[in-house]
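What follows is run20.cif (mmCIF, C-alpha atoms).
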```cif
data_target
loop_
_atom_site.group_PDB
_atom_site.id
_atom_site.type_symbol
_atom_site.label_atom_id
_atom_site.label_comp_id
_atom_site.auth_asym_id
_atom_site.auth_seq_id
_atom_site.Cartn_x
_atom_site.Cartn_y
_atom_site.Cartn_z
ATOM 1 C CA MET M 1 77.225 171.676 10.597
ATOM 2 C CA ASP M 2 79.417 173.454 8.059
ATOM 3 C CA LYS M 3 79.076 177.267 8.073
ATOM 4 C CA ARG M 4 78.030 177.292 4.410
ATOM 5 C CA ASP M 5 75.266 174.783 5.160
ATOM 6 C CA VAL M 6 74.066 176.921 8.067
ATOM 7 C CA ILE M 7 73.892 180.018 5.839
ATOM 8 C CA GLY M 8 72.224 178.015 3.075
ATOM 9 C CA GLU M 9 69.535 176.584 5.370
ATOM 10 C CA ARG M 10 68.910 179.939 6.982
ATOM 11 C CA GLY M 11 68.673 181.543 3.534
ATOM 12 C CA GLU M 12 66.017 179.028 2.544
ATOM 13 C CA SER M 13 63.964 179.891 5.625
ATOM 14 C CA ILE M 14 64.351 183.612 4.887
ATOM 15 C CA PHE M 15 63.159 182.970 1.326
ATOM 16 C CA ARG M 16 60.120 181.057 2.611
ATOM 17 C CA VAL M 17 59.216 184.014 4.848
ATOM 18 C CA LEU M 18 59.768 186.694 2.195
ATOM 19 C CA ILE M 19 57.880 184.984 -0.636
ATOM 20 C CA THR M 20 54.817 184.346 1.557
ATOM 21 C CA ARG M 21 54.555 187.911 2.883
ATOM 22 C CA LYS M 22 51.123 189.449 2.953
ATOM 23 C CA HIS M 23 50.466 192.227 0.447
ATOM 24 C CA PRO M 24 48.678 195.189 2.089
ATOM 25 C CA THR M 25 45.787 195.177 -0.387
ATOM 26 C CA ARG M 26 46.001 191.844 -2.200
ATOM 27 C CA GLY M 27 46.631 189.554 0.770
ATOM 28 C CA TYR M 28 48.681 186.399 0.477
ATOM 29 C CA LEU M 29 49.883 185.825 -3.077
ATOM 30 C CA PHE M 30 51.968 182.652 -2.935
ATOM 31 C CA ASP M 31 51.570 179.335 -1.178
ATOM 32 C CA HIS M 32 54.447 177.958 0.885
ATOM 33 C CA PRO M 33 57.319 177.034 -1.418
ATOM 34 C CA CYS M 34 57.891 173.322 -1.842
ATOM 35 C CA PHE M 35 61.569 172.418 -1.367
ATOM 36 C CA LEU M 36 62.585 169.971 -4.058
ATOM 37 C CA GLY M 37 65.409 168.383 -2.088
ATOM 38 C CA GLU M 38 69.181 168.437 -1.987
ATOM 39 C CA LYS M 39 69.431 165.981 -4.849
ATOM 40 C CA LYS M 40 67.435 168.034 -7.339
ATOM 41 C CA ARG M 41 69.835 169.790 -9.675
ATOM 42 C CA THR M 42 69.598 173.557 -10.177
ATOM 43 C CA ILE M 43 66.094 174.119 -8.829
ATOM 44 C CA ASP M 44 65.472 174.554 -5.123
ATOM 45 C CA PHE M 45 61.786 175.481 -4.863
ATOM 46 C CA HIS M 46 58.509 175.021 -6.686
ATOM 47 C CA VAL M 47 56.182 177.921 -5.821
ATOM 48 C CA GLU M 48 52.439 178.002 -6.559
ATOM 49 C CA LEU M 49 50.327 181.126 -6.845
ATOM 50 C CA PHE M 50 47.088 181.522 -4.923
ATOM 51 C CA HIS M 51 44.788 181.723 -7.925
ATOM 52 C CA ASP M 52 41.261 180.826 -8.867
ATOM 53 C CA GLU M 53 40.749 177.098 -8.895
ATOM 54 C CA SER M 54 40.660 176.750 -12.679
ATOM 55 C CA LEU M 55 44.418 177.249 -12.932
ATOM 56 C CA VAL M 56 47.393 176.693 -10.619
ATOM 57 C CA PRO M 57 50.248 178.826 -11.990
ATOM 58 C CA PHE M 58 53.712 178.108 -10.617
ATOM 59 C CA PHE M 59 57.375 178.922 -11.043
ATOM 60 C CA PHE M 60 60.779 177.560 -10.085
ATOM 61 C CA VAL M 61 63.406 179.244 -7.955
ATOM 62 C CA GLN M 62 67.053 178.707 -7.191
ATOM 63 C CA VAL M 63 68.019 180.358 -3.897
ATOM 64 C CA LYS M 64 71.578 181.577 -3.337
ATOM 65 C CA SER M 65 72.470 182.816 0.137
ATOM 66 C CA THR M 66 75.457 184.812 1.223
ATOM 67 C CA SER M 67 76.837 186.519 4.283
ATOM 68 C CA GLU M 68 79.446 188.375 2.223
ATOM 69 C CA GLY M 69 77.343 191.455 1.542
ATOM 70 C CA TYR M 70 77.502 193.704 -1.494
ATOM 71 C CA THR M 71 80.006 194.899 -4.060
ATOM 72 C CA LEU M 72 81.433 198.310 -3.187
ATOM 73 C CA LYS M 73 81.014 199.851 -6.621
ATOM 74 C CA GLU M 74 77.456 198.949 -7.594
ATOM 75 C CA CYS M 75 76.054 197.553 -4.364
ATOM 76 C CA ARG M 76 75.259 194.183 -5.913
ATOM 77 C CA LEU M 77 74.729 191.164 -3.674
ATOM 78 C CA LYS M 78 77.681 188.781 -3.884
ATOM 79 C CA VAL M 79 76.159 185.475 -4.957
ATOM 80 C CA HIS M 80 77.674 183.142 -7.501
ATOM 81 C CA VAL M 81 75.619 181.342 -10.150
ATOM 82 C CA THR M 82 77.244 179.157 -12.791
ATOM 83 C CA ALA M 83 76.651 179.317 -16.545
ATOM 84 C CA THR M 84 75.512 175.683 -16.400
ATOM 85 C CA ASP M 85 72.809 176.584 -13.883
ATOM 86 C CA MET M 86 71.649 179.596 -15.921
ATOM 87 C CA LYS M 87 71.382 177.498 -19.085
ATOM 88 C CA ARG M 88 69.559 174.743 -17.260
ATOM 89 C CA LEU M 89 67.119 177.171 -15.601
ATOM 90 C CA ALA M 90 66.380 178.775 -18.988
ATOM 91 C CA ALA M 91 65.678 175.350 -20.464
ATOM 92 C CA TYR M 92 62.598 174.825 -18.293
ATOM 93 C CA PRO M 93 59.425 175.844 -20.170
ATOM 94 C CA VAL M 94 58.106 177.658 -17.086
ATOM 95 C CA PRO M 95 59.052 180.956 -15.409
ATOM 96 C CA THR M 96 62.297 180.500 -13.475
ATOM 97 C CA TYR M 97 64.125 182.868 -11.141
ATOM 98 C CA ILE M 98 67.212 183.273 -9.024
ATOM 99 C CA VAL M 99 66.705 184.713 -5.544
ATOM 100 C CA GLY M 100 69.770 186.120 -3.817
ATOM 101 C CA ILE M 101 69.500 186.196 -0.035
ATOM 102 C CA ASP M 102 71.470 188.609 2.122
ATOM 103 C CA GLU M 103 71.541 186.289 5.125
ATOM 104 C CA PRO M 104 72.596 188.681 7.917
ATOM 105 C CA GLU M 105 70.141 191.398 6.854
ATOM 106 C CA GLU M 106 67.368 188.891 6.003
ATOM 107 C CA ARG M 107 66.705 190.508 2.613
ATOM 108 C CA GLY M 108 66.115 188.899 -0.761
ATOM 109 C CA TYR M 109 66.422 190.019 -4.384
ATOM 110 C CA ILE M 110 64.862 188.298 -7.366
ATOM 111 C CA VAL M 111 66.098 188.182 -10.960
ATOM 112 C CA SER M 112 64.760 186.389 -13.973
ATOM 113 C CA ALA M 113 66.521 183.236 -15.165
ATOM 114 C CA ASN M 114 64.632 182.756 -18.402
ATOM 115 C CA GLY M 115 67.414 182.975 -20.927
ATOM 116 C CA GLU M 116 68.353 186.659 -20.658
ATOM 117 C CA CYS M 117 71.785 185.671 -19.365
ATOM 118 C CA LYS M 118 73.431 182.392 -20.265
ATOM 119 C CA THR M 119 76.786 183.093 -18.680
ATOM 120 C CA GLY M 120 77.325 182.750 -14.979
ATOM 121 C CA PHE M 121 77.646 185.721 -12.641
ATOM 122 C CA SER M 122 79.129 186.505 -9.258
ATOM 123 C CA SER M 123 76.766 189.244 -8.083
ATOM 124 C CA VAL M 124 73.103 190.065 -8.483
ATOM 125 C CA CYS M 125 71.425 193.473 -8.777
ATOM 126 C CA ASN M 126 69.278 194.813 -5.945
ATOM 127 C CA ASP M 127 66.673 196.363 -8.288
ATOM 128 C CA HIS M 128 63.982 193.860 -7.335
ATOM 129 C CA PRO M 129 63.865 193.378 -3.557
ATOM 130 C CA LEU M 130 61.396 190.738 -2.387
ATOM 131 C CA ASN M 131 58.926 193.194 -0.896
ATOM 132 C CA PRO M 132 55.129 193.270 -1.263
ATOM 133 C CA ASN M 133 55.241 195.422 -4.427
ATOM 134 C CA THR M 134 57.679 193.062 -6.132
ATOM 135 C CA LEU M 135 55.605 190.075 -5.014
ATOM 136 C CA ALA M 136 52.520 191.601 -6.656
ATOM 137 C CA LEU M 137 54.441 192.176 -9.917
ATOM 138 C CA LEU M 138 55.786 188.634 -9.758
ATOM 139 C CA TRP M 139 52.297 187.236 -9.252
ATOM 140 C CA ASP M 140 50.983 189.237 -12.237
ATOM 141 C CA GLU M 141 53.879 188.152 -14.435
ATOM 142 C CA VAL M 142 53.581 184.444 -13.682
ATOM 143 C CA SER M 143 49.789 184.503 -13.832
ATOM 144 C CA ALA M 144 49.884 186.248 -17.228
ATOM 145 C CA TYR M 145 52.310 183.646 -18.550
ATOM 146 C CA TRP M 146 50.102 180.718 -17.604
ATOM 147 C CA SER M 147 46.871 182.447 -18.612
ATOM 148 C CA ALA M 148 48.032 183.337 -22.118
ATOM 149 C CA PRO M 149 47.054 180.982 -24.931
ATOM 150 C CA ASN M 150 49.910 178.855 -26.316
ATOM 151 C CA TYR M 151 52.328 180.104 -23.648
ATOM 152 C CA PRO M 152 54.114 182.893 -25.581
ATOM 153 C CA GLU M 153 57.812 183.591 -25.224
ATOM 154 C CA PHE M 154 58.322 184.615 -21.637
ATOM 155 C CA ARG M 155 59.758 188.075 -20.948
ATOM 156 C CA SER M 156 60.301 188.854 -17.301
ATOM 157 C CA ALA M 157 60.322 192.296 -15.703
ATOM 158 C CA PHE M 158 62.936 191.091 -13.216
ATOM 159 C CA CYS M 159 65.877 191.325 -15.569
ATOM 160 C CA ASP M 160 69.291 192.355 -14.313
ATOM 161 C CA PRO M 161 70.093 195.657 -16.128
ATOM 162 C CA LYS M 162 73.632 194.426 -16.754
ATOM 163 C CA TRP M 163 72.260 191.695 -18.993
ATOM 164 C CA ARG M 164 70.679 194.268 -21.321
ATOM 165 C CA GLN M 165 73.988 196.012 -21.979
ATOM 166 C CA MET E 166 42.407 179.479 0.511
ATOM 167 C CA LYS E 167 40.263 180.487 3.502
ATOM 168 C CA GLN E 168 39.812 176.951 4.767
ATOM 169 C CA ASP E 169 43.573 176.507 4.694
ATOM 170 C CA LEU E 170 44.375 179.938 6.147
ATOM 171 C CA LYS E 171 45.117 178.661 9.637
ATOM 172 C CA LEU E 172 47.488 175.999 8.323
ATOM 173 C CA PHE E 173 49.162 178.571 6.083
ATOM 174 C CA ILE E 174 49.631 181.001 8.973
ATOM 175 C CA ASP E 175 50.888 178.259 11.326
ATOM 176 C CA GLU E 176 53.492 177.178 8.780
ATOM 177 C CA ARG E 177 54.579 180.762 8.100
ATOM 178 C CA ALA E 178 54.850 181.455 11.836
ATOM 179 C CA GLN E 179 57.149 178.423 12.127
ATOM 180 C CA GLN E 180 59.387 179.782 9.375
ATOM 181 C CA LEU E 181 59.471 183.211 11.045
ATOM 182 C CA ALA E 182 60.434 181.530 14.318
ATOM 183 C CA ILE E 183 63.258 179.608 12.649
ATOM 184 C CA VAL E 184 64.553 182.819 11.043
ATOM 185 C CA TYR E 185 64.405 184.568 14.411
ATOM 186 C CA LEU E 186 66.007 181.757 16.454
ATOM 187 C CA THR E 187 68.821 181.143 13.973
ATOM 188 C CA ARG E 188 69.966 184.749 14.228
ATOM 189 C CA SER E 189 72.146 183.253 16.921
ATOM 190 C CA GLN E 190 74.921 180.929 15.859
ATOM 191 C CA ASN E 191 74.749 179.391 19.339
ATOM 192 C CA VAL E 192 71.662 177.291 18.733
ATOM 193 C CA ALA E 193 70.540 174.374 16.590
ATOM 194 C CA VAL E 194 66.828 174.316 15.802
ATOM 195 C CA GLU E 195 64.995 171.093 15.117
ATOM 196 C CA LYS E 196 61.410 170.976 13.908
ATOM 197 C CA MET E 197 59.348 168.372 15.724
ATOM 198 C CA LYS E 198 57.882 165.813 13.378
ATOM 199 C CA ALA E 199 54.968 164.737 15.551
ATOM 200 C CA ASP E 200 52.486 166.805 17.540
ATOM 201 C CA TYR E 201 53.935 166.358 21.032
ATOM 202 C CA GLY E 202 53.021 169.860 22.195
ATOM 203 C CA LEU E 203 56.217 171.511 20.965
ATOM 204 C CA ASP E 204 56.877 172.866 17.498
ATOM 205 C CA VAL E 205 60.652 173.100 17.688
ATOM 206 C CA LEU E 206 63.352 171.938 20.069
ATOM 207 C CA VAL E 207 66.315 174.270 20.430
ATOM 208 C CA THR E 208 69.729 172.980 21.502
ATOM 209 C CA VAL E 209 72.196 175.474 22.921
ATOM 210 C CA LEU E 210 75.645 175.191 21.328
ATOM 211 C CA ARG E 211 79.055 176.160 22.637
ATOM 212 C CA ASP E 212 81.885 176.423 20.118
ATOM 213 C CA GLN E 213 79.441 174.947 17.591
ATOM 214 C CA LEU E 214 79.019 171.798 19.694
ATOM 215 C CA PRO E 215 75.804 170.759 21.490
ATOM 216 C CA THR E 216 75.858 171.377 25.222
ATOM 217 C CA GLY E 217 72.930 169.097 26.079
ATOM 218 C CA ARG E 218 70.985 172.157 27.182
ATOM 219 C CA VAL E 219 67.685 172.373 25.354
ATOM 220 C CA PHE E 220 64.513 174.398 25.462
ATOM 221 C CA GLY E 221 61.209 173.856 23.753
ATOM 222 C CA VAL E 222 59.218 176.333 21.692
ATOM 223 C CA GLN E 223 55.556 176.493 20.856
ATOM 224 C CA ILE E 224 54.798 178.718 17.874
ATOM 225 C CA LYS E 225 51.601 180.539 17.093
ATOM 226 C CA GLY E 226 50.594 182.961 14.370
ATOM 227 C CA ARG E 227 47.750 185.259 13.588
ATOM 228 C CA ASP E 228 46.664 187.177 10.530
ATOM 229 C CA ARG E 229 46.199 190.630 12.070
ATOM 230 C CA ALA E 230 48.631 192.942 13.824
ATOM 231 C CA PHE E 231 48.508 193.364 17.601
ATOM 232 C CA LYS E 232 47.316 196.651 19.065
ATOM 233 C CA ASP E 233 48.010 195.488 22.602
ATOM 234 C CA VAL E 234 49.664 192.110 22.713
ATOM 235 C CA GLN E 235 49.250 191.746 26.491
ATOM 236 C CA GLN E 236 45.486 191.998 26.086
ATOM 237 C CA GLU E 237 45.045 190.244 22.777
ATOM 238 C CA ALA E 238 47.407 187.285 23.035
ATOM 239 C CA SER E 239 46.186 185.236 25.930
ATOM 240 C CA LEU E 240 48.071 182.252 27.202
ATOM 241 C CA THR E 241 45.189 179.907 27.406
ATOM 242 C CA LEU E 242 46.461 176.501 26.491
ATOM 243 C CA SER E 243 44.162 173.739 25.424
ATOM 244 C CA GLN E 244 43.933 170.770 27.775
ATOM 245 C CA LYS E 245 45.947 168.745 25.271
ATOM 246 C CA GLU E 246 48.697 171.391 25.127
ATOM 247 C CA SER E 247 48.862 171.720 28.913
ATOM 248 C CA TYR E 248 49.097 167.977 29.321
ATOM 249 C CA ALA E 249 51.828 167.762 26.680
ATOM 250 C CA VAL E 250 54.157 170.242 28.381
ATOM 251 C CA GLN E 251 53.489 169.711 32.090
ATOM 252 C CA ASP E 252 56.195 167.078 32.597
ATOM 253 C CA LEU E 253 58.796 168.418 30.204
ATOM 254 C CA PRO E 254 62.034 168.757 32.203
ATOM 255 C CA PHE E 255 63.308 171.854 30.423
ATOM 256 C CA PRO E 256 62.229 175.467 29.790
ATOM 257 C CA VAL E 257 59.505 176.079 27.226
ATOM 258 C CA CYS E 258 58.534 179.364 25.608
ATOM 259 C CA ILE E 259 55.832 180.493 23.230
ATOM 260 C CA LEU E 260 56.519 182.687 20.227
ATOM 261 C CA ILE E 261 53.645 184.479 18.553
ATOM 262 C CA PHE E 262 53.849 186.300 15.218
ATOM 263 C CA SER E 263 51.547 188.636 13.340
ATOM 264 C CA MET E 264 51.455 188.031 9.593
ATOM 265 C CA GLU E 265 50.434 191.653 9.030
ATOM 266 C CA ASN E 266 53.878 193.005 9.916
ATOM 267 C CA ASP E 267 55.908 189.907 10.862
ATOM 268 C CA LYS E 268 56.366 191.226 14.393
ATOM 269 C CA GLY E 269 56.906 188.589 17.041
ATOM 270 C CA TYR E 270 56.606 188.299 20.807
ATOM 271 C CA TYR E 271 57.698 185.670 23.309
ATOM 272 C CA ARG E 272 56.681 184.590 26.727
ATOM 273 C CA TRP E 273 57.892 181.770 28.936
ATOM 274 C CA LEU E 274 55.554 178.894 29.491
ATOM 275 C CA LYS E 275 58.006 177.230 31.850
ATOM 276 C CA TYR E 276 60.106 180.041 33.088
ATOM 277 C CA PRO E 277 63.864 179.893 33.641
ATOM 278 C CA GLY E 278 64.099 182.799 36.061
ATOM 279 C CA GLU E 279 66.953 183.534 38.395
ATOM 280 C CA SER E 280 67.181 181.412 41.567
ATOM 281 C CA SER E 281 64.405 179.176 40.319
ATOM 282 C CA LYS E 282 64.867 175.673 41.565
ATOM 283 C CA ARG E 283 61.518 174.917 40.051
ATOM 284 C CA PHE E 284 59.811 176.384 37.038
ATOM 285 C CA ARG E 285 58.024 179.579 37.902
ATOM 286 C CA SER E 286 54.373 180.261 37.486
ATOM 287 C CA LEU E 287 53.367 182.401 34.571
ATOM 288 C CA GLU E 288 51.117 184.843 36.331
ATOM 289 C CA GLN E 289 53.420 187.837 35.993
ATOM 290 C CA ASN E 290 55.092 186.684 32.821
ATOM 291 C CA GLN E 291 54.470 189.340 30.161
ATOM 292 C CA TRP E 292 54.815 189.098 26.410
ATOM 293 C CA ARG E 293 58.059 190.657 25.253
ATOM 294 C CA SER E 294 58.789 191.946 21.782
ATOM 295 C CA LEU E 295 61.317 189.909 19.831
ATOM 296 C CA ASP E 296 62.572 193.170 18.313
ATOM 297 C CA GLU E 297 63.637 194.341 21.743
ATOM 298 C CA SER E 298 64.757 190.997 23.188
ATOM 299 C CA PRO E 299 67.573 189.427 21.234
ATOM 300 C CA ILE E 300 67.712 185.662 21.019
ATOM 301 C CA GLU E 301 70.951 185.833 23.017
ATOM 302 C CA GLN E 302 68.887 187.003 26.001
ATOM 303 C CA ILE E 303 66.721 183.907 25.768
ATOM 304 C CA ILE E 304 69.836 181.709 25.594
ATOM 305 C CA GLU E 305 71.274 183.531 28.595
ATOM 306 C CA ASP E 306 68.076 182.862 30.581
ATOM 307 C CA VAL E 307 68.158 179.191 29.630
ATOM 308 C CA ASN E 308 71.826 178.841 30.575
ATOM 309 C CA ALA E 309 71.154 180.553 33.902
ATOM 310 C CA TRP E 310 68.377 178.088 34.604
ATOM 311 C CA TYR E 311 70.600 175.091 33.824
ATOM 312 C CA ASP E 312 73.451 176.562 35.912
ATOM 313 C CA GLU E 313 71.077 176.958 38.832
ATOM 314 C CA LYS E 314 69.735 173.438 38.383
ATOM 315 C CA ASN E 315 73.260 171.977 38.304
ATOM 316 C CA HIS E 316 74.287 174.027 41.328
ATOM 317 C CA SER E 317 71.277 172.785 43.294
ATOM 318 C CA ALA E 318 71.993 169.185 42.382
ATOM 319 C CA ALA E 319 75.657 169.391 43.480
#
```
Serialized structure, structure tokens:
Amino acid sequence: MDKRDVIGERGESIFRVLITRKHPTRGYLFDHPCFLGEKKRTIDFHVELFHDESLVPFFFVQVKSTSEGYTLKECRLKVHVTATDMKRLAAYPVPTYIVGIDEPEERGYIVSANGECKTGFSSVCNDHPLNPNTLALLWDEVSAYWSAPNYPEFRSAFCDPKWRQ
Amino acid sequence: MKQDLKLFIDERAQQLAIVYLTRSQNVAVEKMKADYGLDVLVTVLRDQLPTGRVFGVQIKGRDRAFKDVQQEASLTLSQKESYAVQDLPFPVCILIFSMENDKGYYRWLKYPGESSKRFRSLEQNQWRSLDESPIEQIIEDVNAWYDEKNHSAA
């Protein structure tokens, strides 16, 4: 198997483990991500929240894995996402995210992909590591989106600070 | 959620096992599609090519952390599980993970110990922490078992 495929597959498994971590007080927040297949453009996973049975909130994720580490200057994870992918992710009328996976260290970082940035990028900030606190914020954010009447314009907390400049 | 908790934990334990096993670039991990008593089959690679040396892995998970894994994680296999692995001609280990802290432990079910012409019994086989035992150690044990087997056959 090609080295890139190995890193990609391993990154997907790391994502599955990180997103389903148990929160110390809130328990399990997300069901196992459903992989949408190699042929599905742009989106890799459909993730459902554990929620009361009247509503099943969900979001989409593109996972980008790397073994190249971080930029020296700003310590940003070196993953490349195209402008086409960012535009396409923003076009979905549901919360969408990019998750960068640091494959050797088995860490993940999430950023919003809901129209804040329509150009591509070659590194992602490490402000939002996929840890239990971030998972709880993510759950709240996605739940609030689906619970609100008329689905208001979605503003994510997981914005890359560079996109605000 | 509660009725599906066991399935959720089993699936998450499998993903943790895959993440752990693939820390080595010297293995290929294949999930078993049917319930034949093993959850994954691991092929040992050399120079990224399969060597034909395989070992099986059973994977278990539990919600809580372990205070004393030797006491709390017994190795009582169901009759079905015992029957499924008794004639497997290669080493088999069990990995167990706690969802509380993602810590894992392993123990040989069919043990590839040194100078073992046959698989060893498990009586003295303790759980070992995966944090302290790198996957390369498991591969080394498996290779030693195959070397011994080949030597005996020659």
Using all atoms listed in the file, the best pick from M:Val99, M:Ile110, M:Ala157, M:Val142 as closest to M:Phe58 would be M:Val142
As a PyMOL selection string, could you give me every residue of chain M near chain E (at most 12 Å apart, counting only C-alpha atoms)?
chain M and resi 1-3+6-25+27-33+49-53+103-107+131-132
* For the atom pair atom CA of M:Asp102 and atom CA of M:Ser156, what is the interatomic distance in Å to one decimal place? ->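 Atom-to-atom, atom CA of M:Asp102 to atom CA of M:Ser156, that is 22.4 Å.
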Output the residue selection produced by the PyMOL selection byres ((chain M and resi 114-118) around 10) on the file above, formatted as JSON, numbers by chain. {"M": [82, 83, 84, 85, 86, 87, 88, 89, 90, 91, 92, 93, 94, 95, 96, 97, 98, 111, 112, 113, 119, 120, 121, 153, 154, 155, 156, 158, 159, 160, 162, 163, 164]}
Nearby residues (only C-alpha atoms) at most 12 Å from E:Asp233, same-chain spacing under 3 positions excluded, as a JSON list (two decimals) with C-alpha atoms, keeping the file's coordinate frame:
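Saved result, selection27.json, follows:
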```json
[["chain", "number", "residue", "atom", "x", "y", "z"],
["E", 229, "ARG", "CA", 46.20, 190.63, 12.07],
["E", 230, "ALA", "CA", 48.63, 192.94, 13.82],
["E", 236, "GLN", "CA", 45.49, 192.00, 26.09],
["E", 237, "GLU", "CA", 45.04, 190.24, 22.78],
["E", 238, "ALA", "CA", 47.41, 187.28, 23.04],
["E", 239, "SER", "CA", 46.19, 185.24, 25.93],
["E", 270, "TYR", "CA", 56.61, 188.30, 20.81],
["E", 291, "GLN", "CA", 54.47, 189.34, 30.16],
["E", 292, "TRP", "CA", 54.82, 189.10, 26.41],
["E", 293, "ARG", "CA", 58.06, 190.66, 25.25],
["E", 294, "SER", "CA", 58.79, 191.95, 21.78]]
```
So how many Å separate atom CA of M:Cys34 and atom CA of M:Pro57, to one decimal?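 These atoms are spaced 13.8 Å apart.
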Between atom CA of E:Lys198 and atom CA of E:Phe255 lies a distance of 18.9 Å
From the list M:Asp127, M:Asp5, M:Glu141, M:Glu38, which residue is nearest M:Glu74 when using only C-alpha atoms?
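Residue with the minimum atom-to-atom distance to M:Glu74: M:Asp127.
Closest approach to M:Leu77 among M:Arg41, M:Phe60, M:Glu48, M:Val124: M:Val124, based on all atoms listed in the file.
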